[in-house]
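Student: Provided herewith: data-v5.txt, compact mmCIF, C-alpha atoms.
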```
# COMPACT_ATOMS: atom_id res chain seq x y z
CA MET U 1 3.92 -6.80 -22.31
CA GLU U 2 2.11 -9.43 -20.25
CA PRO U 3 -1.68 -9.55 -20.24
CA ALA U 4 -3.37 -8.29 -17.11
CA VAL U 5 -6.84 -7.76 -15.63
CA THR U 6 -7.68 -4.35 -14.22
CA LEU U 7 -10.05 -5.22 -11.42
CA ARG U 8 -12.29 -2.19 -10.98
CA THR U 9 -12.90 -1.52 -14.65
CA SER U 10 -13.52 -5.23 -15.25
CA GLY U 11 -16.25 -5.33 -12.60
CA LEU U 12 -14.22 -7.68 -10.42
CA VAL U 13 -13.01 -8.04 -6.88
CA GLY U 14 -9.62 -9.77 -6.83
CA PHE U 15 -7.75 -11.75 -4.23
CA GLU U 16 -4.07 -12.62 -4.45
CA ALA U 17 -2.00 -14.99 -2.35
CA ASP U 18 1.76 -15.12 -2.78
CA SER U 19 2.91 -18.17 -0.80
CA ALA U 20 1.59 -21.48 0.49
CA GLU U 21 0.80 -19.94 3.88
CA ASP U 22 -0.95 -17.00 2.26
CA VAL U 23 -2.97 -19.36 0.05
CA LEU U 24 -4.25 -21.11 3.18
CA ARG U 25 -5.16 -17.77 4.76
CA LEU U 26 -6.98 -16.67 1.62
CA GLN U 27 -8.89 -19.93 1.30
CA ALA U 28 -9.93 -19.78 4.95
CA ALA U 29 -11.16 -16.20 4.54
CA LEU U 30 -13.11 -17.02 1.38
CA GLY U 31 -14.72 -19.95 3.19
CA GLU U 32 -15.53 -17.83 6.23
CA ALA U 33 -17.20 -15.20 4.04
CA ASP U 34 -18.96 -17.87 1.96
CA VAL U 35 -17.53 -16.52 -1.31
CA THR U 36 -17.71 -18.68 -4.42
CA PRO U 37 -14.89 -17.73 -6.82
CA TRP U 38 -15.75 -17.10 -10.44
CA VAL U 39 -12.24 -17.73 -11.79
CA VAL U 40 -9.16 -19.08 -10.00
CA GLU U 41 -5.71 -18.92 -11.58
CA TYR U 42 -2.40 -20.19 -10.28
CA ARG U 43 1.30 -19.85 -10.84
CA ASP U 44 3.87 -22.25 -9.39
CA THR U 45 7.07 -20.59 -8.19
CA PRO U 46 10.05 -21.80 -6.13
CA GLU U 47 8.39 -20.12 -3.14
CA GLY U 48 5.20 -22.12 -3.67
CA ARG U 49 1.90 -21.78 -5.46
CA ARG U 50 0.45 -18.33 -6.00
CA LEU U 51 -3.26 -17.78 -6.49
CA HIS U 52 -5.40 -15.15 -8.15
CA VAL U 53 -9.10 -15.41 -7.32
CA TYR U 54 -11.65 -13.34 -9.20
CA VAL U 55 -15.17 -12.69 -7.97
CA ARG U 56 -17.79 -10.52 -9.66
CA GLN U 57 -18.33 -7.23 -7.86
CA PRO U 58 -21.42 -6.93 -5.66
CA LEU U 59 -24.52 -5.59 -7.39
CA PRO U 60 -24.39 -1.96 -8.60
CA GLY U 61 -25.21 0.73 -6.07
CA LEU U 62 -22.85 -0.50 -3.39
CA GLU U 63 -19.82 1.71 -2.82
CA LEU U 64 -16.60 -0.26 -3.18
CA PRO U 65 -13.64 1.56 -1.59
CA LYS U 66 -11.40 -1.45 -2.27
CA VAL U 67 -11.49 -4.13 -4.96
CA SER U 68 -8.16 -5.87 -4.37
CA TYR U 69 -7.14 -7.91 -1.34
CA ARG U 70 -3.57 -9.18 -1.43
CA PHE U 71 -2.43 -11.77 1.08
CA GLU U 72 1.34 -11.31 1.04
CA GLY U 73 4.03 -12.16 3.56
CA GLY U 74 1.47 -12.86 6.28
CA GLN U 75 -0.13 -9.45 5.72
CA LEU U 76 -3.37 -8.38 4.07
CA ILE U 77 -3.14 -5.32 1.86
CA ALA U 78 -6.34 -3.87 0.41
CA ALA U 79 -6.22 -1.49 -2.55
CA ALA U 80 -8.71 0.71 -4.38
CA ASN U 81 -7.61 -0.90 -7.63
CA ASN U 82 -4.89 -3.21 -8.91
CA TYR U 83 -4.12 -5.02 -12.09
CA TYR U 84 -3.34 -8.69 -11.86
CA ARG U 85 -1.24 -10.51 -14.41
CA CYS U 86 -3.44 -13.28 -15.73
CA ALA U 87 -3.67 -16.53 -17.65
CA TYR U 88 -4.71 -15.25 -21.05
CA ASP U 89 -2.57 -14.96 -24.18
CA GLY U 90 0.63 -16.34 -22.74
CA GLY U 91 0.33 -14.70 -19.34
CA PRO U 92 2.29 -16.18 -16.45
CA TYR U 93 -0.74 -17.69 -14.67
CA GLN U 94 -2.62 -20.89 -15.51
CA LEU U 95 -6.35 -21.36 -15.29
CA LEU U 96 -7.29 -23.57 -12.33
CA THR U 97 -11.08 -23.39 -12.11
CA VAL U 98 -13.98 -21.50 -13.67
CA ASN U 99 -17.41 -21.52 -12.08
CA ALA U 100 -19.80 -20.05 -14.62
CA ASP U 101 -22.68 -20.16 -12.13
CA ALA U 102 -20.85 -18.20 -9.43
CA GLN U 103 -22.93 -15.31 -8.15
CA PRO U 104 -21.59 -11.79 -7.57
CA MET U 105 -20.07 -11.21 -4.16
CA THR U 106 -22.69 -10.39 -1.54
CA ALA U 107 -22.62 -7.12 0.37
CA GLU U 108 -22.08 -9.12 3.57
CA ALA U 109 -19.06 -10.90 2.13
CA TYR U 110 -17.64 -7.62 0.88
CA ASP U 111 -18.12 -6.11 4.33
CA TYR U 112 -16.30 -9.11 5.84
CA PHE U 113 -13.19 -8.46 3.74
CA GLN U 114 -13.35 -4.73 4.42
CA ARG U 115 -13.35 -5.43 8.16
CA LEU U 116 -10.55 -7.98 7.76
CA ALA U 117 -8.43 -5.45 5.85
CA ALA U 118 -9.14 -2.68 8.37
CA THR U 119 -8.07 -4.95 11.23
CA ALA U 120 -4.88 -5.89 9.37
CA GLU U 121 -4.09 -2.24 8.67
CA ARG U 122 -4.59 -1.27 12.33
CA ARG U 123 -2.30 -4.09 13.40
CA GLN U 124 0.34 -3.11 10.87
CA ARG U 125 0.25 0.53 11.97
CA ALA U 126 0.58 -0.56 15.60
CA ASP U 127 3.54 -2.80 14.68
CA LEU U 128 5.10 0.06 12.74
CA ARG U 129 4.74 2.44 15.65
CA ALA U 130 6.29 -0.21 17.90
CA GLY U 131 9.34 -0.32 15.62
CA GLU U 132 8.53 -3.54 13.77
CA PRO U 133 9.88 -3.59 10.21
CA LEU U 134 7.53 -3.57 7.26
CA ALA U 135 7.29 -6.95 5.62
CA GLU U 136 7.77 -7.45 1.91
CA GLY U 137 4.41 -6.91 0.27
CA SER U 138 3.52 -3.75 2.16
CA ARG U 139 6.64 -1.65 1.57
CA ARG U 140 5.65 0.18 -1.60
CA ASN U 141 2.17 0.89 -0.29
CA THR U 142 3.51 2.33 2.96
CA VAL U 143 6.28 4.38 1.34
CA PHE U 144 3.68 5.67 -1.13
CA ARG U 145 1.45 6.78 1.71
CA PHE U 146 4.41 8.37 3.46
CA ALA U 147 5.17 10.25 0.22
CA CYS U 148 1.51 11.39 0.17
CA PHE U 149 2.01 12.71 3.69
CA LEU U 150 5.21 14.50 2.59
CA SER U 151 3.46 16.14 -0.36
CA ARG U 152 1.59 18.32 2.15
CA TRP U 153 4.88 19.57 3.55
CA THR U 154 7.17 20.18 0.63
CA ASP U 155 7.06 20.61 -3.13
CA ASP U 156 10.74 19.66 -3.43
CA GLU U 157 10.87 16.24 -5.09
CA GLU U 158 14.50 15.58 -4.17
CA LEU U 159 13.87 16.44 -0.54
CA ALA U 160 10.80 14.19 -0.49
CA ALA U 161 12.84 11.36 -2.03
CA ASP U 162 15.54 11.80 0.62
CA LEU U 163 12.97 11.79 3.42
CA ALA U 164 11.20 8.72 2.02
CA ASP U 165 14.56 6.95 1.70
CA VAL U 166 15.43 7.62 5.32
CA TYR U 167 12.01 6.35 6.34
CA GLN U 168 12.04 3.20 4.22
CA GLN U 169 15.59 2.31 5.25
CA ALA U 170 14.43 2.43 8.85
CA TYR U 171 11.32 0.33 8.31
CA CYS U 172 11.54 -1.78 5.16
CA ASP U 173 12.83 -5.29 5.66
CA PRO U 174 14.44 -5.96 3.31
CA ALA U 175 15.12 -2.40 2.23
CA HIS U 176 13.49 -1.52 -1.06
CA PRO U 177 15.93 -2.44 -3.85
CA VAL U 178 15.54 0.90 -5.63
CA PRO U 179 14.85 3.32 -2.81
CA VAL U 180 15.25 6.63 -4.61
CA GLY U 181 13.34 5.48 -7.66
CA CYS U 182 10.62 4.19 -5.40
CA ALA U 183 10.36 7.48 -3.57
CA ALA U 184 10.43 9.52 -6.77
CA GLY U 185 7.79 7.32 -8.36
CA THR U 186 5.45 7.48 -5.42
CA TRP U 187 6.08 11.18 -5.13
CA GLY U 188 4.92 11.66 -8.71
CA LEU U 189 1.73 9.77 -7.97
CA ALA U 190 1.19 11.59 -4.70
CA ARG U 191 1.46 14.94 -6.44
CA CYS U 192 -1.14 13.81 -8.96
CA GLY U 193 -3.46 13.01 -6.08
CA VAL U 194 -3.64 9.32 -6.99
CA MET Y 195 18.98 39.28 6.19
CA PRO Y 196 16.80 37.11 8.47
CA ASN Y 197 13.11 37.26 7.70
CA PRO Y 198 11.29 37.20 11.09
CA GLN Y 199 7.87 36.42 9.62
CA ARG Y 200 9.21 33.49 7.67
CA ARG Y 201 11.10 32.21 10.71
CA ILE Y 202 7.84 32.14 12.70
CA TRP Y 203 6.12 30.41 9.79
CA VAL Y 204 8.90 27.81 9.64
CA GLN Y 205 8.71 27.21 13.39
CA MET Y 206 4.93 26.71 13.27
CA ASN Y 207 5.24 24.36 10.31
CA ALA Y 208 8.05 22.45 11.95
CA GLU Y 209 5.86 21.82 14.98
CA SER Y 210 3.00 20.62 12.75
CA PHE Y 211 5.35 18.47 10.68
CA ALA Y 212 6.78 16.91 13.85
CA GLN Y 213 3.25 16.18 15.05
CA GLY Y 214 2.44 14.61 11.68
CA LEU Y 215 5.53 12.43 11.88
CA GLY Y 216 4.14 11.10 15.15
CA ASN Y 217 1.61 9.16 13.08
CA TRP Y 218 4.44 7.44 11.25
CA THR Y 219 6.96 6.60 13.92
CA ASP Y 220 7.49 6.49 17.65
CA ASP Y 221 11.24 6.41 17.11
CA ALA Y 222 12.37 9.80 18.41
CA GLN Y 223 15.77 9.52 16.73
CA LEU Y 224 14.24 8.79 13.32
CA ALA Y 225 11.67 11.57 13.75
CA GLN Y 226 14.48 14.00 14.62
CA GLN Y 227 16.47 12.88 11.60
CA LEU Y 228 13.49 13.43 9.29
CA LEU Y 229 12.66 16.77 10.88
CA THR Y 230 16.25 18.00 10.55
CA LEU Y 231 16.36 16.96 6.91
CA TRP Y 232 13.04 18.66 6.20
CA LEU Y 233 13.99 21.75 8.17
CA GLN Y 234 17.29 22.47 6.43
CA PRO Y 235 15.94 24.06 3.21
CA GLN Y 236 13.20 25.83 5.17
CA VAL Y 237 15.77 27.46 7.47
CA GLU Y 238 17.92 28.45 4.51
CA GLY Y 239 14.82 30.05 2.97
CA ALA Y 240 14.09 31.89 6.21
CA ARG Y 241 17.56 33.44 6.11
CA SER Y 242 17.07 34.91 2.64
```
Spell out the structure here as structure tokens.

Tutor:
Amino acid sequence: MEPAVTLRTSGLVGFEADSAEDVLRLQAALGEADVTPWVVEYRDTPEGRRLHVYVRQPLPGLELPKVSYRFEGGQLIAAANNYYRCAYDGGPYQLLTVNADAQPMTAEAYDYFQRLAATAERRQRADLRAGEPLAEGSRRNTVFRFACFLSRWTDDEELAADLADVYQQAYCDPAHPVPVGCAAGTWGLARCGV
Amino acid sequence: MPNPQRRIWVQMNAESFAQGLGNWTDDAQLAQQLLTLWLQPQVEGARS
């Protein structure tokens, strides 16, 4: 089992970039928001360098609906929590920089990323409604949310899996490699109210 | 034997489900496919 950092419970806000283009987008956004990373880790892959950037969460008392911002496939996907595989104890990432003096993220910077994520989500929903396929990086999240929607309409897991499969085959590009498993997994989570 | 009350319930739910699908796709053919798939066990239940 590879070591990982669970962002919310570790008091962190995390940023992930999965390709050279996404790294540039992430770096530009961090600069725009004036965020100083605490820890930066990298992993070199055939597709290019991937980055994990960790910033301490803003001071206590501020509500944090999201703590993970993933720049993937030209998209930005925000999540209430994620775990990131990390550099420690033989993990797949390497340590790039550590800034011990880095301050926690400011409320203004957090608000900047929340607005950025909301804009990206609106654009993705508009693209989806216009018939654009879902890019890799947002498929599981969207099929999960579709399964959440279905959980209000049926308690039949097989039916929900079939419906989610039809939906993902129409919109996922490329189609999810394990469509039924994906639907069944998300259905389980949706029923738990996760 | 058909169950009239359940048939009305299924019809109302089908309309709501179709409306809900509108948030997920503008593709009428896909929406119809999903609705038909969802409706099948409901209709079978309404017949019992």

Student: Counting only C-alpha atoms, which residues in chain Y sit no more than 9 Å from chain U? For each one, give the nearest pair of atoms and the distance in Å, sorted by chain then residue number, as CSV.

Tutor:
```
residue,atom,partner,partner_atom,distance
Y:Asn207,CA,U:Trp153,CA,8.3
Y:Phe211,CA,U:Trp153,CA,7.2
Y:Gly214,CA,U:Phe149,CA,8.2
Y:Leu215,CA,U:Phe149,CA,8.9
Y:Gly216,CA,U:Arg129,CA,8.7
Y:Asn217,CA,U:Arg129,CA,7.8
Y:Trp218,CA,U:Arg129,CA,6.7
Y:Thr219,CA,U:Arg129,CA,5.0
Y:Asp220,CA,U:Arg129,CA,5.3
Y:Asp221,CA,U:Gly131,CA,7.2
Y:Leu224,CA,U:Tyr167,CA,7.7
Y:Gln227,CA,U:Val166,CA,8.3
Y:Leu228,CA,U:Leu163,CA,6.1
Y:Leu229,CA,U:Leu163,CA,9.0
Y:Leu231,CA,U:Leu163,CA,7.1
Y:Trp232,CA,U:Leu159,CA,7.1
Y:Pro235,CA,U:Leu159,CA,8.7
```

Student: Convert the current residue selection to file output with C-alpha atoms, as a PDB file, in the coordinates of the input.

Tutor:
```pdb
ATOM      1  CA  ASN Y 207       5.240  24.360  10.310  1.00  0.00           C
ATOM      2  CA  PHE Y 211       5.350  18.470  10.680  1.00  0.00           C
ATOM      3  CA  GLY Y 214       2.440  14.610  11.680  1.00  0.00           C
ATOM      4  CA  LEU Y 215       5.530  12.430  11.880  1.00  0.00           C
ATOM      5  CA  GLY Y 216       4.140  11.100  15.150  1.00  0.00           C
ATOM      6  CA  ASN Y 217       1.610   9.160  13.080  1.00  0.00           C
ATOM      7  CA  TRP Y 218       4.440   7.440  11.250  1.00  0.00           C
ATOM      8  CA  THR Y 219       6.960   6.600  13.920  1.00  0.00           C
ATOM      9  CA  ASP Y 220       7.490   6.490  17.650  1.00  0.00           C
ATOM     10  CA  ASP Y 221      11.240   6.410  17.110  1.00  0.00           C
ATOM     11  CA  LEU Y 224      14.240   8.790  13.320  1.00  0.00           C
ATOM     12  CA  GLN Y 227      16.470  12.880  11.600  1.00  0.00           C
ATOM     13  CA  LEU Y 228      13.490  13.430   9.290  1.00  0.00           C
ATOM     14  CA  LEU Y 229      12.660  16.770  10.880  1.00  0.00           C
ATOM     15  CA  LEU Y 231      16.360  16.960   6.910  1.00  0.00           C
ATOM     16  CA  TRP Y 232      13.040  18.660   6.200  1.00  0.00           C
ATOM     17  CA  PRO Y 235      15.940  24.060   3.210  1.00  0.00           C
TER      18      PRO Y 235
END
```

Student: Quick one: distance from atom CA of Ser151 of chain U to atom CA of Asp127 of chain U in Å, one decimal?

Tutor: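 Result for atom CA of Ser151 of chain U versus atom CA of Asp127 of chain U: 24.2 Å, one decimal.
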
Student: Between atom CA of Gly73 of chain U and atom CA of Asp22 of chain U, what is the spacing in Å?

Tutor: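 Result for atom CA of Asp22 of chain U versus atom CA of Gly73 of chain U: 7.1 Å, one decimal.
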
Student: Might you pull out every residue within 6 Å of segment 55-65 of chain U, with only C-alpha atoms counted and same-chain residues fewer than 4 positions away left off, and present them as a PyMOL selection string?

Tutor: chain U and resi 11-13+37-38+80+104-106

Student: As an exercise, work out the distance from atom CA of Gln114 of chain U to atom CA of Lys66 of chain U in Å and give it to one decimal place.

Tutor: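 Distance reported for this atom pair: 7.7 Å.
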
Student: Please identify all polymer residues within 8 Å of Phe15 of chain U, counting only C-alpha atoms, omitting same-chain residues fewer than 3 positions from it, and present them as a list in words.

Tutor: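 Everything that qualifies: Leu26, Leu51, His52, Val53, Tyr54, Ser68, Tyr69, Arg70 and Phe71 of chain U.
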